[in-house]
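Below is one structure, written out as structure tokens, with a few remarks after it.
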Amino acid sequence: MDRFSVFSLVFYPCLAAALALGIWGGCGREWSRTLAGLLGGVLLFWGGLLAAVGLYFQTWQAAPDPPEEAFSDGGSLAFVLFVGWLPGILLIGATLGLSRWLSVRRARATLG
């Protein structure tokens, strides 16, 4: 299995679950559900991205006759560790906001 397939097998399920948590948090009216959806989604996105990048490099290093770049680049894993939560906040926040907007709009449509 190549390194891109390993990345995809780990990251995309985590992304789907994180988006589902954002939608779940946006459909509720209580602030605890919204906060749980946002924090859970961001942590799941961030953890999935971190695990996928780590497995990507492990798979690349385990390949027969890997190039030097497979061993010399620890910066991308450190970058994901410290900055990987930013795209998670943007993506899950947008998902949560869109879900909240659609939920309020649907509630108003049924009332009148």
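Note on naming: chains are A, B, ... as they come in the structure tokens, residues start from 1 per chain, ligands start from 1 in the order shown.
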Original post:
So which residues touch Glu69 of chain A within 12 Å, counting only C-alpha atoms, skipping near sequence neighbours fewer than 5 positions away, as a ChimeraX atom specification?
Top reply: /A:57,60-61,74-76
**OP:** Write out as a list of chain:residue names the residues lying within 6 Å of segment 39-56 of chain A, counting only C-alpha atoms and excluding same-chain residues fewer than 5 positions away.
**Re:**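 Selected residues are A:Arg3, A:Phe7, A:Val10, A:Phe11, A:Cys14, A:Leu15, A:Ala18, A:Leu21, A:Gly22, A:Gly84, A:Trp85, A:Gly88, A:Ile89.
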Original post:
Which residue out of A:Thr95, A:Thr59, A:Gly28, A:Pro66 has the minimum interatomic distance to Ser5 of chain A when only C-alpha atoms are used?
Top reply: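 Closest candidate: A:Thr59.
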Original post:
Between atom CA of Leu9 of chain A and atom CA of Gly26 of chain A, what is the distance, to one decimal in Å?
Top reply: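 That distance, rounded to one decimal, is 26.8 Å.
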**OP:** Please indicate the distance in Å from atom CA of Thr110 of chain A to atom CA of Arg29 of chain A, rounded to one decimal place.
**Re:**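 Computing the Euclidean distance for atom CA of Thr110 of chain A and atom CA of Arg29 of chain A yields 16.4 Å.
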**OP:** Go ahead and compute the interatomic distance for atom CA of Tyr12 of chain A and atom CA of Ser32 of chain A, in Å to one decimal.
**Re:** 26.5 Å
